[in-house]
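Listing of protein_30.txt; format and content: compact mmCIF, C-alpha atoms.
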```
# COMPACT_ATOMS: atom_id res chain seq x y z
CA MET A 1 52.98 -20.88 -12.01
CA ALA A 2 54.49 -18.08 -14.14
CA PHE A 3 54.10 -20.14 -17.32
CA LEU A 4 50.41 -20.81 -16.67
CA ASP A 5 49.93 -17.15 -15.77
CA ASN A 6 51.03 -16.08 -19.23
CA VAL A 7 50.40 -18.95 -21.63
CA LEU A 8 46.89 -17.81 -22.63
CA GLN A 9 46.16 -14.67 -24.62
CA PRO A 10 44.56 -12.22 -22.15
CA PRO A 11 41.33 -10.54 -23.25
CA ALA A 12 41.29 -6.79 -23.83
CA TYR A 13 39.41 -6.31 -20.54
CA GLY A 14 42.04 -8.35 -18.66
CA TRP A 15 41.83 -11.14 -16.13
CA LEU A 16 41.93 -8.89 -13.06
CA ASP A 17 41.85 -5.20 -12.14
CA GLU A 18 44.54 -3.07 -10.50
CA ALA A 19 43.42 -4.26 -7.08
CA GLY A 20 43.82 -7.89 -8.13
CA ASN A 21 40.10 -8.60 -8.31
CA PHE A 22 38.42 -10.65 -11.00
CA VAL A 23 37.18 -8.59 -13.95
CA LYS A 24 33.61 -9.47 -14.93
CA PRO A 25 33.14 -7.98 -18.40
CA SER A 26 29.84 -6.78 -19.78
CA PRO A 27 28.16 -8.73 -22.61
CA LYS A 28 29.14 -5.87 -24.94
CA GLN A 29 32.82 -6.27 -24.01
CA ILE A 30 32.68 -10.05 -24.49
CA PHE A 31 31.01 -9.81 -27.89
CA HIS A 32 33.51 -7.15 -28.99
CA GLU A 33 36.37 -9.45 -28.00
CA PHE A 34 34.68 -12.43 -29.65
CA PHE A 35 34.24 -10.83 -33.06
CA SER A 36 37.66 -9.16 -32.89
CA ARG A 37 39.35 -12.52 -32.35
CA LEU A 38 37.37 -14.18 -35.13
CA ASN A 39 38.57 -11.58 -37.62
CA VAL A 40 41.13 -13.39 -39.76
CA PHE A 41 41.41 -10.32 -42.00
CA LYS A 42 42.66 -8.36 -39.01
CA SER A 43 45.29 -10.97 -38.19
CA LYS A 44 46.05 -14.45 -39.55
CA LYS A 45 46.86 -15.37 -35.95
CA ASN A 46 43.10 -15.48 -35.36
CA TRP A 47 42.78 -18.51 -37.62
CA LEU A 48 42.33 -21.17 -34.90
CA PRO A 49 39.34 -19.57 -33.07
CA PHE A 50 37.82 -18.89 -36.50
CA PHE A 51 38.48 -22.51 -37.49
CA SER A 52 36.78 -23.73 -34.32
CA TRP A 53 33.57 -21.82 -35.04
CA LEU A 54 33.74 -22.50 -38.77
CA LYS A 55 33.17 -26.17 -37.94
CA ILE A 56 30.05 -25.26 -35.99
CA LEU A 57 28.83 -23.07 -38.85
CA CYS A 58 29.37 -25.91 -41.33
CA LEU A 59 27.45 -28.34 -39.11
CA THR A 60 24.44 -26.01 -38.82
CA PRO A 61 22.87 -26.91 -42.20
CA PHE A 62 23.00 -30.59 -41.24
CA PHE A 63 21.15 -29.81 -38.01
CA PHE A 64 18.37 -27.98 -39.84
CA LEU A 65 18.09 -30.74 -42.45
CA PHE A 66 17.69 -33.23 -39.62
CA LEU A 67 15.15 -31.00 -37.86
CA PHE A 68 12.97 -30.09 -40.83
CA LYS A 69 13.45 -32.95 -43.30
CA PHE A 70 14.60 -36.13 -41.61
CA LEU A 71 13.17 -35.86 -38.09
CA SER A 72 11.45 -39.00 -36.82
CA ILE A 73 11.36 -40.87 -33.54
CA GLY A 74 14.10 -43.20 -34.77
CA MET A 75 16.33 -40.39 -36.02
CA PHE A 76 15.77 -38.43 -32.82
CA ALA A 77 16.96 -41.46 -30.85
CA VAL A 78 20.06 -41.70 -33.06
CA ALA A 79 20.78 -37.99 -32.64
CA PHE A 80 20.37 -38.20 -28.86
CA LEU A 81 22.63 -41.26 -28.60
CA TYR A 82 25.35 -39.76 -30.78
CA SER A 83 25.41 -36.28 -29.24
CA MET A 84 24.69 -37.03 -25.59
CA VAL A 85 26.48 -40.36 -25.23
CA ILE A 86 29.03 -40.99 -27.98
CA MET A 87 30.35 -37.43 -28.47
CA GLY A 88 30.33 -36.77 -24.73
CA THR A 89 32.17 -39.98 -23.93
CA HIS A 90 34.75 -39.36 -26.64
CA GLY A 91 35.31 -35.82 -25.38
CA THR A 92 36.06 -37.24 -21.94
CA ILE A 93 38.35 -40.08 -22.95
CA TRP A 94 40.21 -38.17 -25.70
CA HIS A 95 40.32 -34.46 -24.94
CA HIS A 96 40.17 -34.59 -21.17
CA ARG A 97 41.65 -37.84 -19.89
CA TYR A 98 44.27 -38.40 -22.60
CA CYS A 99 45.15 -35.11 -24.29
CA THR A 100 45.07 -33.00 -21.13
CA HIS A 101 45.97 -35.39 -18.33
CA GLY A 102 47.79 -38.19 -20.12
CA ALA A 103 45.83 -40.64 -17.97
CA TYR A 104 46.71 -43.61 -20.17
CA ARG A 105 49.01 -44.58 -23.02
CA PHE A 106 48.54 -46.12 -26.43
CA LYS A 107 50.41 -49.17 -27.61
CA ASN A 108 51.26 -47.39 -30.86
CA SER A 109 50.39 -44.32 -32.90
CA PHE A 110 47.72 -46.18 -34.89
CA TRP A 111 45.48 -46.63 -31.83
CA ARG A 112 46.04 -43.01 -30.84
CA PHE A 113 44.96 -41.90 -34.33
CA PHE A 114 42.03 -44.33 -34.21
CA THR A 115 40.83 -42.95 -30.86
CA GLN A 116 41.26 -39.35 -31.95
CA ASN A 117 39.01 -39.94 -34.96
CA LEU A 118 36.37 -42.15 -33.37
CA THR A 119 33.86 -39.34 -33.82
CA ILE A 120 33.25 -36.34 -36.06
CA SER A 121 35.98 -33.77 -35.39
CA VAL A 122 34.61 -30.64 -33.71
CA ILE A 123 36.94 -29.24 -31.01
CA PRO A 124 40.59 -28.40 -31.83
CA GLU A 125 42.81 -30.17 -29.29
CA GLU A 126 45.07 -27.17 -28.74
CA ILE A 127 42.23 -24.90 -27.63
CA TYR A 128 41.05 -27.47 -25.10
CA VAL A 129 44.32 -28.84 -23.73
CA ILE A 130 46.43 -25.79 -22.91
CA SER A 131 43.56 -23.80 -21.45
CA HIS A 132 42.38 -26.76 -19.39
CA HIS A 133 45.74 -26.93 -17.61
CA VAL A 134 45.23 -23.28 -16.69
CA HIS A 135 41.65 -24.00 -15.65
CA HIS A 136 42.76 -26.68 -13.19
CA ALA A 137 45.47 -24.42 -11.76
CA LYS A 138 43.18 -21.41 -11.39
CA SER A 139 39.71 -22.89 -11.07
CA ASP A 140 37.15 -20.10 -10.52
CA GLN A 141 39.96 -17.61 -9.94
CA PRO A 142 41.13 -14.68 -12.09
CA GLY A 143 42.84 -16.16 -15.14
CA ASP A 144 40.57 -19.22 -15.31
CA PRO A 145 39.55 -19.13 -19.01
CA TYR A 146 36.02 -20.26 -18.19
CA ASN A 147 35.47 -18.81 -14.75
CA ALA A 148 31.77 -19.33 -14.06
CA GLU A 149 31.66 -16.12 -12.04
CA GLY A 150 32.09 -14.27 -15.34
CA GLY A 151 28.63 -15.38 -16.43
CA PHE A 152 27.18 -17.48 -19.22
CA LEU A 153 28.78 -15.64 -22.16
CA TYR A 154 32.16 -15.60 -20.42
CA CYS A 155 32.13 -19.40 -20.50
CA PHE A 156 30.13 -20.03 -23.67
CA LEU A 157 32.45 -17.97 -25.88
CA ALA A 158 35.62 -18.88 -23.97
CA ASP A 159 37.15 -20.92 -26.79
CA VAL A 160 37.55 -17.64 -28.68
CA VAL A 161 37.89 -14.93 -26.03
CA HIS A 162 39.91 -16.73 -23.34
CA GLN A 163 41.32 -20.11 -24.38
CA PRO A 164 43.74 -19.49 -27.29
CA ILE A 165 47.42 -19.40 -26.41
CA ALA A 166 49.24 -16.08 -26.23
CA LYS A 167 50.70 -14.75 -29.47
CA ASP A 168 53.95 -13.44 -27.95
CA LEU A 169 55.37 -16.42 -26.06
CA SER A 170 59.10 -16.73 -25.71
CA GLU A 171 60.71 -19.69 -27.44
CA ALA A 172 61.19 -21.36 -24.06
CA ASP A 173 57.52 -20.99 -23.15
CA TYR A 174 56.40 -22.11 -26.59
CA ASN A 175 58.54 -25.24 -26.15
CA ARG A 176 56.59 -25.92 -22.95
CA VAL A 177 53.38 -25.70 -24.99
CA ARG A 178 54.88 -28.21 -27.40
CA LEU A 179 55.66 -30.57 -24.53
CA LEU A 180 52.05 -30.37 -23.32
CA MET A 181 50.80 -31.21 -26.82
CA LYS A 182 53.45 -33.64 -28.08
CA HIS A 183 51.78 -36.83 -26.82
CA THR A 184 48.56 -36.00 -28.70
CA GLY A 185 50.25 -36.91 -31.98
CA ILE A 186 49.43 -33.55 -33.54
CA THR A 187 52.45 -32.22 -35.43
CA GLY A 188 52.91 -28.68 -34.20
CA ASN A 189 54.40 -25.54 -35.65
CA THR A 190 58.02 -24.68 -35.21
CA TYR A 191 58.65 -21.55 -33.17
CA LYS A 192 59.14 -19.60 -36.39
CA GLN A 193 55.81 -20.88 -37.71
CA TYR A 194 54.18 -20.08 -34.37
CA LEU A 195 55.28 -16.46 -34.70
CA THR A 196 53.45 -16.37 -38.04
CA TRP A 197 50.27 -18.26 -37.09
CA GLY A 198 50.04 -17.67 -33.33
CA SER A 199 49.25 -21.30 -32.59
CA TYR A 200 50.72 -24.73 -32.00
CA ALA A 201 48.42 -26.30 -34.58
CA ASN A 202 49.30 -25.80 -38.23
CA PRO A 203 46.42 -24.46 -40.36
CA LEU A 204 47.15 -26.62 -43.41
CA ARG A 205 47.50 -29.87 -41.49
CA SER A 206 44.45 -29.03 -39.37
CA THR A 207 42.32 -28.34 -42.45
CA VAL A 208 43.40 -31.53 -44.22
CA SER A 209 42.71 -33.56 -41.07
CA TRP A 210 39.25 -31.97 -40.75
CA ILE A 211 38.31 -32.68 -44.38
CA LEU A 212 39.47 -36.29 -44.19
CA ASN A 213 37.67 -36.91 -40.90
CA TRP A 214 34.36 -35.47 -42.07
CA SER A 215 34.58 -37.15 -45.49
CA PHE A 216 35.22 -40.53 -43.91
CA TRP A 217 32.37 -40.30 -41.43
CA TYR A 218 29.86 -38.90 -43.91
CA LEU A 219 30.65 -41.77 -46.27
CA VAL A 220 30.24 -44.31 -43.46
CA PHE A 221 26.92 -42.92 -42.26
CA PHE A 222 25.62 -42.43 -45.80
CA SER A 223 26.45 -46.03 -46.67
CA LEU A 224 24.52 -47.17 -43.57
CA GLY A 225 21.46 -44.96 -43.89
CA GLY A 226 21.71 -42.46 -46.71
CA HIS A 227 21.60 -38.70 -46.34
CA ALA A 228 18.99 -39.00 -43.59
CA LEU A 229 21.33 -40.81 -41.21
CA ALA A 230 24.40 -38.78 -42.22
CA CYS A 231 22.64 -35.43 -41.77
CA THR A 232 21.12 -36.56 -38.48
CA ILE A 233 24.45 -37.55 -36.99
CA PHE A 234 26.37 -34.56 -38.34
CA GLY A 235 23.60 -32.28 -37.08
CA SER A 236 23.74 -33.89 -33.64
CA ALA A 237 27.52 -33.37 -33.58
CA GLY A 238 26.90 -29.68 -34.19
CA PHE A 239 24.32 -29.63 -31.39
CA TRP A 240 26.90 -31.19 -29.05
CA GLY A 241 29.55 -28.73 -30.22
CA VAL A 242 27.35 -25.83 -29.12
CA GLY A 243 26.06 -27.49 -25.97
CA VAL A 244 29.48 -28.49 -24.64
CA ARG A 245 30.39 -24.81 -24.45
CA THR A 246 27.87 -24.44 -21.60
CA PHE A 247 29.35 -27.31 -19.58
CA ASN A 248 31.72 -25.44 -17.29
CA TYR A 249 29.20 -22.71 -16.54
CA GLU A 250 26.59 -25.26 -15.53
CA GLY A 251 29.10 -27.62 -13.91
CA HIS A 252 30.49 -24.89 -11.67
CA GLY A 253 27.09 -23.89 -10.32
CA LYS A 254 26.67 -20.91 -12.67
CA GLY A 255 29.20 -19.03 -10.59
CA LYS A 256 27.10 -19.07 -7.44
CA MET A 257 28.39 -20.05 -4.03
CA TYR A 258 26.31 -22.64 -2.21
CA SER A 259 26.52 -23.53 1.45
CA VAL A 260 25.71 -26.94 2.83
CA LYS A 261 23.70 -27.01 6.02
CA GLY A 262 24.35 -29.95 8.27
```
Will you turn the file into structure tokens for me?
Amino acid sequence: MAFLDNVLQPPAYGWLDEAGNFVKPSPKQIFHEFFSRLNVFKSKKNWLPFFSWLKILCLTPFFFLFLFKFLSIGMFAVAFLYSMVIMGTHGTIWHHRYCTHGAYRFKNSFWRFFTQNLTISVIPEEIYVISHHVHHAKSDQPGDPYNAEGGFLYCFLADVVHQPIAKDLSEADYNRVRLLMKHTGITGNTYKQYLTWGSYANPLRSTVSWILNWSFWYLVFFSLGGHALACTIFGSAGFWGVGVRTFNYEGHGKGKMYSVKG
């Protein structure tokens, strides 16, 4: 358990207090941590959380174009189908079942690449996978990166304030991170590169992959239905990217304990 105790970067307010109790930070503390960890000028090691929210920021104009220019019953149906069904299903089969749990195998790397890019790229695999192993080991306990008892913001902003890997891992622990990510097909940093960037993912490769993925899908959707369809689907992907950040808070009963009367 020692590895999972230390693999994530602890927030400034900590996971637990001196008595070993869960620390529930105030909204002010969470927002301070959030903006501090997005500050790439403060440290280049903040690049991955910044990258994660940069995607959401870039999808926002598409959402407003859909809402105020292209909205119709048909486009609303497309947006609902893509965000609620297609993106959600892909998140389950790719990020959760394969990348985190290795629940199945691919015949070759082509089908792995194909599955990875079945939808518009929104969530960096590293942020999801490593933290989700910790989540399963410490569900609703101190150290759980999206402990619902911490409140809505604790979960909603977790990809920045709780989920990134620690920046001071030993080489042995970083190699364990690499083992957890190796099957995803993402070429990770060497330990020396990790010490520079603070992540398994490489910023250059991640950026190129993002640009190619979005360019491909925009071209596909544009060829099928022009800017209206492309903006609708990209906007719905952004809507999903925001909404999925509420999933663990809602899925874990908003941190409330319920008793069943029989």
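Of the listed residues A:Val129, A:Ala228, A:Leu57, A:Val161, the one whose atoms come nearest to A:Tyr98 is A:Val129, with distances taken using all atoms listed in the file.
If you measure from each of A:Phe22, A:Trp47, A:Phe31, A:Trp15 to A:Asn202 using all atoms listed in the file, the closest one turns out to be A:Trp47.
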Selected residue, from A:Asn147, A:Ser199, A:Thr232, A:Asn248, that lies nearest to A:Lys24 when counting all atoms listed in the file: A:Asn147
Given all atoms listed in the file as the basis, pick out the residue of A:Phe152, A:Lys167, A:Phe113, A:Trp240 nearest to A:Gln193. A:Lys167
Extract, using all atoms listed in the file, all DNA, RNA and protein residues at most 10 Å from A:Ser206, discarding same-chain residues fewer than 4 positions from it, and format them as a PyMOL selection string. chain A and resi 48+51+124+186-188+201-202+210-211
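When atom CA of A:Ser131 is paired with atom CA of A:Gln163, their separation reads 5.2 Å.
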Who sits within 12 Å of A:Ile93, only C-alpha atoms, same chain under 3 positions skipped, as a PyMOL selection string: chain A and resi 86-90+96-105+112+115-116+118-119
A:Tyr200: which residues within 10 Å, counting only C-alpha atoms, same-chain residues fewer than 5 positions away excluded, as a ChimeraX atom specification? /A:48,125-127,164-165,174-175,177-178,181,186-191,193-195
Pick out the closest residue to A:Arg245 from this set: A:Phe64, A:Phe76, A:Trp53, A:Phe3. Count all atoms listed in the file. A:Trp53
Could you give me, as a PDB file with C-alpha atoms, keeping the file's coordinate frame, the residues that sit within 7 Å of (35.5, -20.2, -17.6) in the file's coordinates, counting all atoms listed in the file?
```
ATOM      1  CA  ASP A 144      40.570 -19.220 -15.310  1.00  0.00           C
ATOM      2  CA  PRO A 145      39.550 -19.130 -19.010  1.00  0.00           C
ATOM      3  CA  TYR A 146      36.020 -20.260 -18.190  1.00  0.00           C
ATOM      4  CA  ASN A 147      35.470 -18.810 -14.750  1.00  0.00           C
ATOM      5  CA  ALA A 148      31.770 -19.330 -14.060  1.00  0.00           C
ATOM      6  CA  TYR A 154      32.160 -15.600 -20.420  1.00  0.00           C
ATOM      7  CA  CYS A 155      32.130 -19.400 -20.500  1.00  0.00           C
ATOM      8  CA  ALA A 158      35.620 -18.880 -23.970  1.00  0.00           C
ATOM      9  CA  ASN A 248      31.720 -25.440 -17.290  1.00  0.00           C
ATOM     10  CA  TYR A 249      29.200 -22.710 -16.540  1.00  0.00           C
TER      11      TYR A 249
END
```
Excluding A:Asn117 and residues on its chain fewer than 6 positions from it, collect all residues at most 10 Å away from it, counting only C-alpha atoms, and give them as a PDB file with C-alpha atoms, keeping the file's coordinate frame.
```pdb
ATOM      1  CA  HIS A  90      34.750 -39.360 -26.640  1.00  0.00           C
ATOM      2  CA  TRP A  94      40.210 -38.170 -25.700  1.00  0.00           C
ATOM      3  CA  TRP A 111      45.480 -46.630 -31.830  1.00  0.00           C
ATOM      4  CA  SER A 209      42.710 -33.560 -41.070  1.00  0.00           C
ATOM      5  CA  TRP A 210      39.250 -31.970 -40.750  1.00  0.00           C
ATOM      6  CA  LEU A 212      39.470 -36.290 -44.190  1.00  0.00           C
ATOM      7  CA  ASN A 213      37.670 -36.910 -40.900  1.00  0.00           C
ATOM      8  CA  TRP A 214      34.360 -35.470 -42.070  1.00  0.00           C
ATOM      9  CA  PHE A 216      35.220 -40.530 -43.910  1.00  0.00           C
ATOM     10  CA  TRP A 217      32.370 -40.300 -41.430  1.00  0.00           C
TER      11      TRP A 217
END
```
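Nearest to A:Ala166 of all the residues A:Asn46, A:Gln29, A:Thr60, A:Asn39 is A:Asn46, based on all atoms listed in the file.
Rounded to one decimal, atom CA of A:Ser83 and atom CA of A:Ala237 lie 5.6 Å from each other.
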Applying 12 Å and all atoms listed in the file, which residues near stretch 65-72 of chain A remain after dropping the ones on its own chain fewer than 6 positions away? List them as a list of chain:residue names. A:Leu59, A:Val78, A:Ala79, A:Phe80, A:Gly225, A:Gly226, A:His227, A:Ala228, A:Leu229, A:Ala230, A:Cys231, A:Thr232, A:Ile233, A:Phe234, A:Gly235, A:Ser236, A:Ala237, A:Gly238, A:Phe239
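Separating atom CA of A:Leu153 from atom CA of A:Ile30 is a distance of 7.2 Å.
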